[in-house]
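Coordinates from final06.cif are shown below (mmCIF, C-alpha atoms).
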data_upload
loop_
_atom_site.group_PDB
_atom_site.id
_atom_site.type_symbol
_atom_site.label_atom_id
_atom_site.label_comp_id
_atom_site.auth_asym_id
_atom_site.auth_seq_id
_atom_site.Cartn_x
_atom_site.Cartn_y
_atom_site.Cartn_z
ATOM 1 C CA MET V 1 -3.967 15.561 -48.733
ATOM 2 C CA LYS V 2 -2.041 18.799 -49.402
ATOM 3 C CA LYS V 3 1.164 17.116 -48.202
ATOM 4 C CA LEU V 4 0.650 14.313 -50.703
ATOM 5 C CA LEU V 5 -0.068 16.707 -53.567
ATOM 6 C CA THR V 6 3.104 18.632 -52.747
ATOM 7 C CA LEU V 7 4.987 15.371 -52.664
ATOM 8 C CA TRP V 8 3.825 14.370 -56.139
ATOM 9 C CA MET V 9 4.527 17.756 -57.490
ATOM 10 C CA LEU V 10 8.110 16.694 -56.879
ATOM 11 C CA ILE V 11 8.052 13.082 -58.162
ATOM 12 C CA LEU V 12 9.616 12.540 -61.604
ATOM 13 C CA LEU V 13 9.563 16.223 -62.356
ATOM 14 C CA PRO V 14 11.592 19.328 -62.692
ATOM 15 C CA TYR V 15 10.572 22.054 -60.201
ATOM 16 C CA CYS V 16 13.479 24.651 -60.259
ATOM 17 C CA ILE V 17 16.132 27.061 -58.643
ATOM 18 C CA GLY V 18 18.077 30.298 -58.973
ATOM 19 C CA ALA V 19 17.725 33.477 -60.951
ATOM 20 C CA GLN V 20 18.901 31.901 -64.160
ATOM 21 C CA THR V 21 18.517 28.871 -66.354
ATOM 22 C CA ASP V 22 21.208 26.398 -67.294
ATOM 23 C CA ILE V 23 21.650 24.836 -70.753
ATOM 24 C CA LYS V 24 22.964 21.538 -69.360
ATOM 25 C CA ALA V 25 20.070 21.298 -66.904
ATOM 26 C CA GLU V 26 17.611 22.071 -69.701
ATOM 27 C CA GLU V 27 19.030 19.302 -71.894
ATOM 28 C CA ILE V 28 18.627 16.760 -69.092
ATOM 29 C CA LEU V 29 15.118 17.870 -68.146
ATOM 30 C CA ASP V 30 14.046 17.736 -71.793
ATOM 31 C CA LYS V 31 15.308 14.154 -72.060
ATOM 32 C CA VAL V 32 13.394 13.177 -68.907
ATOM 33 C CA LEU V 33 10.268 14.728 -70.402
ATOM 34 C CA LYS V 34 10.844 13.027 -73.769
ATOM 35 C CA GLU V 35 11.105 9.571 -72.199
ATOM 36 C CA LEU V 36 8.048 10.177 -70.063
ATOM 37 C CA SER V 37 5.887 11.509 -72.903
ATOM 38 C CA GLU V 38 6.893 8.827 -75.439
ATOM 39 C CA SER V 39 6.382 5.847 -73.152
ATOM 40 C CA ASN V 40 3.153 3.845 -73.460
ATOM 41 C CA GLY V 41 3.029 3.544 -69.676
ATOM 42 C CA VAL V 42 5.267 4.307 -66.693
ATOM 43 C CA ARG V 43 5.475 2.891 -63.163
ATOM 44 C CA ALA V 44 7.500 4.575 -60.417
ATOM 45 C CA ASP V 45 7.832 2.900 -56.995
ATOM 46 C CA PHE V 46 8.944 5.265 -54.240
ATOM 47 C CA THR V 47 9.916 5.336 -50.560
ATOM 48 C CA GLY V 48 10.780 8.104 -48.152
ATOM 49 C CA SER V 49 8.402 10.677 -46.703
ATOM 50 C CA GLU V 50 5.659 8.619 -48.380
ATOM 51 C CA ASP V 51 5.728 5.051 -49.705
ATOM 52 C CA GLY V 52 3.837 3.814 -52.743
ATOM 53 C CA TYR V 53 3.796 3.865 -56.515
ATOM 54 C CA LEU V 54 2.560 5.950 -59.449
ATOM 55 C CA LEU V 55 1.288 4.730 -62.840
ATOM 56 C CA LEU V 56 1.303 7.154 -65.799
ATOM 57 C CA LYS V 57 -0.062 6.965 -69.321
ATOM 58 C CA GLY V 58 -0.088 10.271 -71.149
ATOM 59 C CA LYS V 59 -2.173 12.635 -69.011
ATOM 60 C CA LYS V 60 -3.758 9.763 -67.087
ATOM 61 C CA PHE V 61 -2.454 8.533 -63.757
ATOM 62 C CA TYR V 62 -3.070 6.267 -60.779
ATOM 63 C CA LEU V 63 -1.418 6.987 -57.435
ATOM 64 C CA ASN V 64 -1.268 4.468 -54.581
ATOM 65 C CA SER V 65 0.364 5.629 -51.357
ATOM 66 C CA SER V 66 0.177 4.960 -47.650
ATOM 67 C CA ASN V 67 -2.983 6.982 -47.009
ATOM 68 C CA ILE V 68 -4.608 7.685 -50.361
ATOM 69 C CA GLN V 69 -5.359 6.315 -53.791
ATOM 70 C CA SER V 70 -6.092 8.645 -56.689
ATOM 71 C CA TRP V 71 -7.285 7.947 -60.243
ATOM 72 C CA TYR V 72 -7.424 10.394 -63.166
ATOM 73 C CA ASP V 73 -8.760 9.395 -66.602
ATOM 74 C CA GLY V 74 -7.956 12.625 -68.403
ATOM 75 C CA LYS V 75 -11.088 14.428 -67.197
ATOM 76 C CA THR V 76 -12.336 13.129 -63.837
ATOM 77 C CA GLN V 77 -10.327 12.532 -60.665
ATOM 78 C CA TRP V 78 -11.275 10.136 -57.845
ATOM 79 C CA SER V 79 -9.406 10.370 -54.533
ATOM 80 C CA TYR V 80 -9.955 7.574 -52.003
ATOM 81 C CA ILE V 81 -8.895 8.326 -48.431
ATOM 82 C CA THR V 82 -8.125 5.074 -46.638
ATOM 83 C CA ASP V 83 -8.794 6.243 -43.069
ATOM 84 C CA THR V 84 -12.275 7.623 -43.759
ATOM 85 C CA GLU V 85 -13.240 5.397 -46.696
ATOM 86 C CA GLU V 86 -14.348 8.501 -48.607
ATOM 87 C CA VAL V 87 -14.029 9.021 -52.350
ATOM 88 C CA ASN V 88 -13.928 12.604 -53.561
ATOM 89 C CA ILE V 89 -14.858 13.035 -57.235
ATOM 90 C CA SER V 90 -13.747 16.225 -58.968
ATOM 91 C CA LEU V 91 -12.900 17.841 -62.286
ATOM 92 C CA PRO V 92 -9.436 19.172 -61.413
ATOM 93 C CA THR V 93 -7.946 22.325 -62.870
ATOM 94 C CA PRO V 94 -4.565 22.219 -64.643
ATOM 95 C CA GLU V 95 -3.024 23.822 -61.550
ATOM 96 C CA GLU V 96 -4.420 21.100 -59.297
ATOM 97 C CA LEU V 97 -3.174 18.388 -61.629
ATOM 98 C CA GLN V 98 0.332 19.826 -61.462
ATOM 99 C CA GLY V 99 0.358 18.763 -57.830
ATOM 100 C CA ILE V 100 0.107 15.080 -58.754
ATOM 101 C CA ASN V 101 1.023 14.325 -62.362
ATOM 102 C CA PRO V 102 4.594 15.296 -63.343
ATOM 103 C CA TYR V 103 3.588 15.412 -67.016
ATOM 104 C CA PHE V 104 1.762 18.690 -66.433
ATOM 105 C CA ILE V 105 4.704 20.206 -64.561
ATOM 106 C CA LEU V 106 7.244 19.135 -67.158
ATOM 107 C CA MET V 107 5.266 20.626 -70.015
ATOM 108 C CA GLY V 108 5.519 24.087 -68.438
ATOM 109 C CA TYR V 109 8.795 23.931 -66.554
ATOM 110 C CA LYS V 110 10.574 26.454 -68.814
ATOM 111 C CA ILE V 111 7.874 29.015 -68.145
ATOM 112 C CA ASN V 112 7.377 28.477 -64.428
ATOM 113 C CA PHE V 113 10.817 27.575 -63.100
ATOM 114 C CA ASN V 114 14.544 28.308 -63.107
ATOM 115 C CA TYR V 115 17.050 25.439 -63.022
ATOM 116 C CA ILE V 116 20.776 24.945 -62.456
ATOM 117 C CA TYR V 117 22.942 21.906 -63.207
ATOM 118 C CA LYS V 118 25.093 21.036 -60.171
ATOM 119 C CA GLY V 119 27.227 18.324 -61.781
ATOM 120 C CA ARG V 120 27.575 14.558 -61.700
ATOM 121 C CA GLN V 121 27.083 12.855 -58.344
ATOM 122 C CA THR V 122 27.309 9.280 -57.040
ATOM 123 C CA ARG V 123 24.710 8.021 -54.579
ATOM 124 C CA ASN V 124 24.360 4.466 -53.340
ATOM 125 C CA GLY V 125 26.734 3.330 -56.061
ATOM 126 C CA THR V 126 24.805 5.024 -58.875
ATOM 127 C CA THR V 127 26.196 7.947 -60.857
ATOM 128 C CA GLY V 128 23.829 10.579 -62.143
ATOM 129 C CA HIS V 129 23.073 14.276 -62.498
ATOM 130 C CA GLU V 130 22.008 16.718 -59.806
ATOM 131 C CA ILE V 131 19.759 19.629 -60.733
ATOM 132 C CA VAL V 132 18.687 22.249 -58.206
ATOM 133 C CA LEU V 133 15.394 24.021 -58.808
ATOM 134 C CA THR V 134 13.118 26.766 -57.460
ATOM 135 C CA SER V 135 9.977 28.511 -58.616
ATOM 136 C CA LYS V 136 10.261 31.737 -60.588
ATOM 137 C CA HIS V 137 7.391 33.194 -58.594
ATOM 138 C CA SER V 138 8.402 35.661 -55.903
ATOM 139 C CA GLY V 139 7.981 34.587 -52.315
ATOM 140 C CA ASN V 140 8.654 30.903 -52.958
ATOM 141 C CA ARG V 141 11.972 30.016 -51.310
ATOM 142 C CA ASP V 142 11.671 26.243 -51.462
ATOM 143 C CA VAL V 143 14.708 24.444 -52.865
ATOM 144 C CA ILE V 144 14.406 21.082 -54.611
ATOM 145 C CA ARG V 145 17.343 18.830 -55.397
ATOM 146 C CA LEU V 146 16.609 16.394 -58.195
ATOM 147 C CA PHE V 147 18.912 13.432 -58.836
ATOM 148 C CA ILE V 148 18.584 11.908 -62.327
ATOM 149 C CA SER V 149 20.321 8.794 -63.614
ATOM 150 C CA SER V 150 22.667 8.763 -66.600
ATOM 151 C CA THR V 151 19.762 7.234 -68.568
ATOM 152 C CA TYR V 152 17.558 10.241 -67.690
ATOM 153 C CA ARG V 153 15.316 8.610 -65.150
ATOM 154 C CA PRO V 154 14.577 10.260 -61.786
ATOM 155 C CA LEU V 155 16.168 8.581 -58.759
ATOM 156 C CA SER V 156 15.499 10.934 -55.854
ATOM 157 C CA ILE V 157 13.894 14.243 -54.983
ATOM 158 C CA LYS V 158 14.701 16.251 -51.864
ATOM 159 C CA MET V 159 12.752 19.350 -50.823
ATOM 160 C CA GLU V 160 14.259 21.937 -48.483
ATOM 161 C CA GLN V 161 12.689 24.926 -46.751
ATOM 162 C CA ASN V 162 14.996 27.478 -45.105
ATOM 163 C CA GLY V 163 17.868 24.990 -45.367
ATOM 164 C CA ARG V 164 15.934 22.198 -43.656
ATOM 165 C CA ILE V 165 14.877 18.972 -45.415
ATOM 166 C CA VAL V 166 11.088 18.677 -45.249
ATOM 167 C CA SER V 167 10.578 15.740 -47.593
ATOM 168 C CA GLU V 168 12.745 13.238 -49.431
ATOM 169 C CA ILE V 169 11.640 10.651 -51.970
ATOM 170 C CA ASN V 170 13.696 7.820 -53.424
ATOM 171 C CA ILE V 171 12.492 6.116 -56.590
ATOM 172 C CA ASN V 172 13.498 2.491 -56.240
ATOM 173 C CA ASN V 173 11.932 1.184 -59.432
ATOM 174 C CA TYR V 174 11.137 3.048 -62.666
ATOM 175 C CA GLN V 175 9.644 1.092 -65.566
ATOM 176 C CA THR V 176 8.610 2.393 -68.982
ATOM 177 C CA ASN V 177 6.702 1.081 -72.008
ATOM 178 C CA LEU V 178 4.164 -0.787 -69.890
ATOM 179 C CA LYS V 179 0.837 -1.820 -71.396
ATOM 180 C CA LEU V 180 -1.614 -0.090 -69.085
ATOM 181 C CA GLY V 181 -5.330 -0.393 -69.818
ATOM 182 C CA ASP V 182 -7.530 2.686 -69.516
ATOM 183 C CA GLU V 183 -9.599 1.018 -66.766
ATOM 184 C CA ILE V 184 -6.612 1.373 -64.425
ATOM 185 C CA PHE V 185 -7.180 5.122 -64.345
ATOM 186 C CA ARG V 186 -10.846 5.025 -63.310
ATOM 187 C CA PHE V 187 -12.291 4.285 -59.857
ATOM 188 C CA ASN V 188 -14.090 0.933 -59.651
ATOM 189 C CA LYS V 189 -16.761 1.194 -56.946
ATOM 190 C CA SER V 190 -17.315 -2.572 -56.844
ATOM 191 C CA LEU V 191 -13.843 -2.929 -55.294
ATOM 192 C CA TYR V 192 -14.726 -0.455 -52.533
ATOM 193 C CA PRO V 193 -18.338 -1.330 -51.595
ATOM 194 C CA ASN V 194 -18.224 0.590 -48.285
ATOM 195 C CA ALA V 195 -16.815 3.804 -49.743
ATOM 196 C CA GLU V 196 -18.774 7.012 -49.252
ATOM 197 C CA ILE V 197 -18.972 8.929 -52.522
ATOM 198 C CA ILE V 198 -18.582 12.711 -52.296
ATOM 199 C CA ASP V 199 -19.217 14.283 -55.695
ATOM 200 C CA LEU V 200 -17.563 17.707 -55.928
ATOM 201 C CA ARG V 201 -18.131 18.225 -59.658
#

Can I see the file as structure tokens?
Amino acid sequence: MKKLLTLWMLILLPYCIGAQTDIKAEEILDKVLKELSESNGVRADFTGSEDGYLLLKGKKFYLNSSNIQSWYDGKTQWSYITDTEEVNISLPTPEELQGINPYFILMGYKINFNYIYKGRQTRNGTTGHEIVLTSKHSGNRDVIRLFISSTYRPLSIKMEQNGRIVSEININNYQTNLKLGDEIFRFNKSLYPNAEIIDLR
């Protein structure tokens, strides 16, 4: 579960690096945030360390990955673990939500992170921008390399610890302005009749 939360702390979002900020990097990150916040609904399909997709609508989200599904309706979160058929219900804190929904990370990235623009890169025939990021908090030495398209959509995120790649995500499909109903972001027990409900509220 913690691995997945760390993973989604990286998806679509600026995390950050270095002892300084970079104006070019800030302009790009702001445009990513603007597109995300102004869209009626977003879908991001991803492969790599985990496979699945994420749906976003404002502060609401639905995550479907290899081992877990998670719904958040703006207040309550349901996390369904496939292997155990358990559903954990909680009222997550803003810090916990930062681990899954990039909207929460983006809103505070200037406060919590440093960021450096590394220039234009071409990967798999696509040209975009590379931004390298790390946390401002002391003791956190993780490095994240974020690759963003020329239209300000995230394409890949690579996390390194002590120079070693520990996770890498590639976003194969990124759609905006989707009409997503609010019911998508709430757990429907009738679809999981055998699920054990664990209420942690």

Discussion item. Once the PyMOL selection byres ((chain V and resi 69) around 10) is applied to the coordinates I shared, what remains selected? I want it as number ranges by chain.
Written reply: V: 52-54, 62-68, 70-71, 78-82, 87, 187

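With distances taken over only C-alpha atoms, V:Thr151 is the one residue among V:Thr122, V:Thr151, V:Leu146, V:Asn88 lying closest to V:Lys34.
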
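Across the structure, atom CA of V:Asp83 and atom CA of V:Glu183 are spaced 24.3 Å apart.
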
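Only residues having an atom at most 12 Å from (10.4, -0.9, -64.4) are included; using all atoms listed in the file, these are Ser39, Gly41, Val42, Arg43, Ala44, Asp45, Phe46, Tyr53, Leu54, Leu55, Arg153, Ile171, Asn172, Asn173, Tyr174, Gln175, Thr176, Asn177, Leu178 and Lys179 of chain V.
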
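Atom CA of V:Ser135 to atom CA of V:Tyr115 spans 8.9 Å [interatomic distance, one decimal].
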
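With all atoms listed in the file as the basis for measurement, V:Val143 is the residue among V:Leu56, V:Leu91, V:Val143, V:Leu200 that approaches V:Ile116 most closely.
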
Item to complete: Mind giving me the straight-line distance from atom CA of V:Val32 to atom CA of V:Ile144 in Å, one decimal?
Response: 16.4 Å

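Between V:Asn112 and the residues V:Lys24, V:Lys136, V:Lys31, V:Lys158, the shortest atom-to-atom distance, using all atoms listed in the file, involves V:Lys136.
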
Response to the item:
One residue among V:Ile165, V:Lys59, V:Pro193, V:Arg120 is nearest to V:Ser37 when using all atoms listed in the file, and that residue is V:Lys59

Write out as lines of an AutoDock Vina configuration file an axis-aligned box for stretch 155-167 of chain V: all of its atoms listed in the file, 5 Å added on each side, centre and edge lengths in Å with one decimal.
center_x = 14.2
center_y = 18.0
center_z = -51.2
size_x = 17.3
size_y = 28.9
size_z = 25.1

Discussion item. Which residues would end up in the selection if the PyMOL selection byres ((chain V and resi 194) around 12) were applied here, given that I need the answer as an MDAnalysis selection string?
Written reply: chainID V and resid 80 82 84:87 189:193 195:197

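Against this structure, the PyMOL selection byres ((chain V and resi 131) around 10) ends up with Pro14, Tyr15, Cys16, Ile17, Asp22, Lys24, Ala25, Glu26, Ile28, Leu29, Tyr115, Ile116, Tyr117, Lys118, Gly119, Arg120, His129, Glu130, Val132, Leu133, Ile144, Arg145, Leu146, Phe147, Ile148 and Ile157 of chain V.
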
Fill in: Among listed residues V:Ser150, V:Asn114, V:Asn170, V:Gln77, nearest V:Glu50 (using only C-alpha atoms)
V:Asn170

Extract stretch 79-90 of chain V from the preceding block and save all heavy atoms as a PDB file, in the first residue's frame.
ATOM      1  N   SER V  79     -10.484   2.137   0.004  1.00  0.00           N
ATOM      2  CA  SER V  79      -9.364   1.448  -0.633  1.00  0.00           C
ATOM      3  C   SER V  79      -9.635  -0.048  -0.634  1.00  0.00           C
ATOM      4  O   SER V  79      -9.713  -0.675   0.437  1.00  0.00           O
ATOM      5  CB  SER V  79      -8.057   1.748   0.109  1.00  0.00           C
ATOM      6  OG  SER V  79      -7.748   3.126   0.025  1.00  0.00           O
ATOM      7  N   TYR V  80      -9.800  -0.610  -1.823  1.00  0.00           N
ATOM      8  CA  TYR V  80     -10.112  -2.034  -1.989  1.00  0.00           C
ATOM      9  C   TYR V  80      -8.852  -2.785  -2.382  1.00  0.00           C
ATOM     10  O   TYR V  80      -8.232  -2.489  -3.411  1.00  0.00           O
ATOM     11  CB  TYR V  80     -11.186  -2.212  -3.059  1.00  0.00           C
ATOM     12  CG  TYR V  80     -11.503  -3.650  -3.379  1.00  0.00           C
ATOM     13  CD1 TYR V  80     -12.191  -4.445  -2.476  1.00  0.00           C
ATOM     14  CD2 TYR V  80     -11.113  -4.203  -4.601  1.00  0.00           C
ATOM     15  CE1 TYR V  80     -12.502  -5.771  -2.776  1.00  0.00           C
ATOM     16  CE2 TYR V  80     -11.412  -5.520  -4.909  1.00  0.00           C
ATOM     17  CZ  TYR V  80     -12.095  -6.310  -3.991  1.00  0.00           C
ATOM     18  OH  TYR V  80     -12.390  -7.615  -4.284  1.00  0.00           O
ATOM     19  N   ILE V  81      -8.457  -3.747  -1.534  1.00  0.00           N
ATOM     20  CA  ILE V  81      -7.270  -4.549  -1.783  1.00  0.00           C
ATOM     21  C   ILE V  81      -7.706  -5.853  -2.443  1.00  0.00           C
ATOM     22  O   ILE V  81      -8.442  -6.651  -1.844  1.00  0.00           O
ATOM     23  CB  ILE V  81      -6.513  -4.824  -0.474  1.00  0.00           C
ATOM     24  CG1 ILE V  81      -6.147  -3.495   0.190  1.00  0.00           C
ATOM     25  CG2 ILE V  81      -5.249  -5.654  -0.744  1.00  0.00           C
ATOM     26  CD1 ILE V  81      -5.607  -3.641   1.593  1.00  0.00           C
ATOM     27  N   THR V  82      -7.271  -6.068  -3.659  1.00  0.00           N
ATOM     28  CA  THR V  82      -7.744  -7.201  -4.453  1.00  0.00           C
ATOM     29  C   THR V  82      -7.454  -8.542  -3.798  1.00  0.00           C
ATOM     30  O   THR V  82      -8.328  -9.419  -3.735  1.00  0.00           O
ATOM     31  CB  THR V  82      -7.107  -7.156  -5.853  1.00  0.00           C
ATOM     32  OG1 THR V  82      -7.371  -5.886  -6.453  1.00  0.00           O
ATOM     33  CG2 THR V  82      -7.662  -8.262  -6.738  1.00  0.00           C
ATOM     34  N   ASP V  83      -6.235  -8.735  -3.299  1.00  0.00           N
ATOM     35  CA  ASP V  83      -5.825 -10.032  -2.762  1.00  0.00           C
ATOM     36  C   ASP V  83      -6.648 -10.469  -1.557  1.00  0.00           C
ATOM     37  O   ASP V  83      -6.949 -11.653  -1.397  1.00  0.00           O
ATOM     38  CB  ASP V  83      -4.339 -10.010  -2.394  1.00  0.00           C
ATOM     39  CG  ASP V  83      -3.440  -9.884  -3.609  1.00  0.00           C
ATOM     40  OD1 ASP V  83      -3.925 -10.163  -4.731  1.00  0.00           O
ATOM     41  OD2 ASP V  83      -2.273  -9.513  -3.450  1.00  0.00           O
ATOM     42  N   THR V  84      -7.000  -9.512  -0.697  1.00  0.00           N
ATOM     43  CA  THR V  84      -7.706  -9.853   0.545  1.00  0.00           C
ATOM     44  C   THR V  84      -9.196  -9.554   0.482  1.00  0.00           C
ATOM     45  O   THR V  84      -9.928  -9.915   1.410  1.00  0.00           O
ATOM     46  CB  THR V  84      -7.092  -9.081   1.723  1.00  0.00           C
ATOM     47  OG1 THR V  84      -7.237  -7.668   1.485  1.00  0.00           O
ATOM     48  CG2 THR V  84      -5.616  -9.424   1.889  1.00  0.00           C
ATOM     49  N   GLU V  85      -9.623  -8.871  -0.569  1.00  0.00           N
ATOM     50  CA  GLU V  85     -11.019  -8.456  -0.715  1.00  0.00           C
ATOM     51  C   GLU V  85     -11.483  -7.614   0.485  1.00  0.00           C
ATOM     52  O   GLU V  85     -12.613  -7.725   0.941  1.00  0.00           O
ATOM     53  CB  GLU V  85     -11.945  -9.650  -0.913  1.00  0.00           C
ATOM     54  CG  GLU V  85     -11.734 -10.365  -2.229  1.00  0.00           C
ATOM     55  CD  GLU V  85     -12.807 -11.394  -2.526  1.00  0.00           C
ATOM     56  OE1 GLU V  85     -12.900 -12.365  -1.753  1.00  0.00           O
ATOM     57  OE2 GLU V  85     -13.556 -11.202  -3.506  1.00  0.00           O
ATOM     58  N   GLU V  86     -10.590  -6.763   0.971  1.00  0.00           N
ATOM     59  CA  GLU V  86     -10.912  -5.856   2.067  1.00  0.00           C
ATOM     60  C   GLU V  86     -11.077  -4.437   1.538  1.00  0.00           C
ATOM     61  O   GLU V  86     -10.369  -4.019   0.614  1.00  0.00           O
ATOM     62  CB  GLU V  86      -9.804  -5.857   3.123  1.00  0.00           C
ATOM     63  CG  GLU V  86      -9.639  -7.175   3.850  1.00  0.00           C
ATOM     64  CD  GLU V  86      -8.471  -7.155   4.821  1.00  0.00           C
ATOM     65  OE1 GLU V  86      -7.667  -6.191   4.763  1.00  0.00           O
ATOM     66  OE2 GLU V  86      -8.361  -8.092   5.627  1.00  0.00           O
ATOM     67  N   VAL V  87     -12.006  -3.710   2.138  1.00  0.00           N
ATOM     68  CA  VAL V  87     -12.189  -2.294   1.811  1.00  0.00           C
ATOM     69  C   VAL V  87     -11.960  -1.485   3.078  1.00  0.00           C
ATOM     70  O   VAL V  87     -12.688  -1.635   4.065  1.00  0.00           O
ATOM     71  CB  VAL V  87     -13.609  -2.011   1.270  1.00  0.00           C
ATOM     72  CG1 VAL V  87     -13.780  -0.521   1.010  1.00  0.00           C
ATOM     73  CG2 VAL V  87     -13.859  -2.792  -0.011  1.00  0.00           C
ATOM     74  N   ASN V  88     -10.932  -0.659   3.058  1.00  0.00           N
ATOM     75  CA  ASN V  88     -10.664   0.228   4.183  1.00  0.00           C
ATOM     76  C   ASN V  88     -11.315   1.577   3.913  1.00  0.00           C
ATOM     77  O   ASN V  88     -11.074   2.197   2.869  1.00  0.00           O
ATOM     78  CB  ASN V  88      -9.157   0.410   4.380  1.00  0.00           C
ATOM     79  CG  ASN V  88      -8.475  -0.880   4.808  1.00  0.00           C
ATOM     80  OD1 ASN V  88      -8.923  -1.538   5.740  1.00  0.00           O
ATOM     81  ND2 ASN V  88      -7.418  -1.250   4.119  1.00  0.00           N
ATOM     82  N   ILE V  89     -12.128   2.049   4.852  1.00  0.00           N
ATOM     83  CA  ILE V  89     -12.796   3.343   4.729  1.00  0.00           C
ATOM     84  C   ILE V  89     -12.135   4.306   5.697  1.00  0.00           C
ATOM     85  O   ILE V  89     -11.969   4.001   6.887  1.00  0.00           O
ATOM     86  CB  ILE V  89     -14.301   3.242   5.048  1.00  0.00           C
ATOM     87  CG1 ILE V  89     -14.958   2.169   4.180  1.00  0.00           C
ATOM     88  CG2 ILE V  89     -14.980   4.585   4.820  1.00  0.00           C
ATOM     89  CD1 ILE V  89     -16.422   1.941   4.515  1.00  0.00           C
ATOM     90  N   SER V  90     -11.751   5.482   5.209  1.00  0.00           N
ATOM     91  CA  SER V  90     -11.066   6.446   6.068  1.00  0.00           C
ATOM     92  C   SER V  90     -11.413   7.872   5.669  1.00  0.00           C
ATOM     93  O   SER V  90     -11.980   8.122   4.603  1.00  0.00           O
ATOM     94  CB  SER V  90      -9.547   6.238   5.991  1.00  0.00           C
ATOM     95  OG  SER V  90      -9.090   6.483   4.659  1.00  0.00           O
TER      96      SER V  90
END
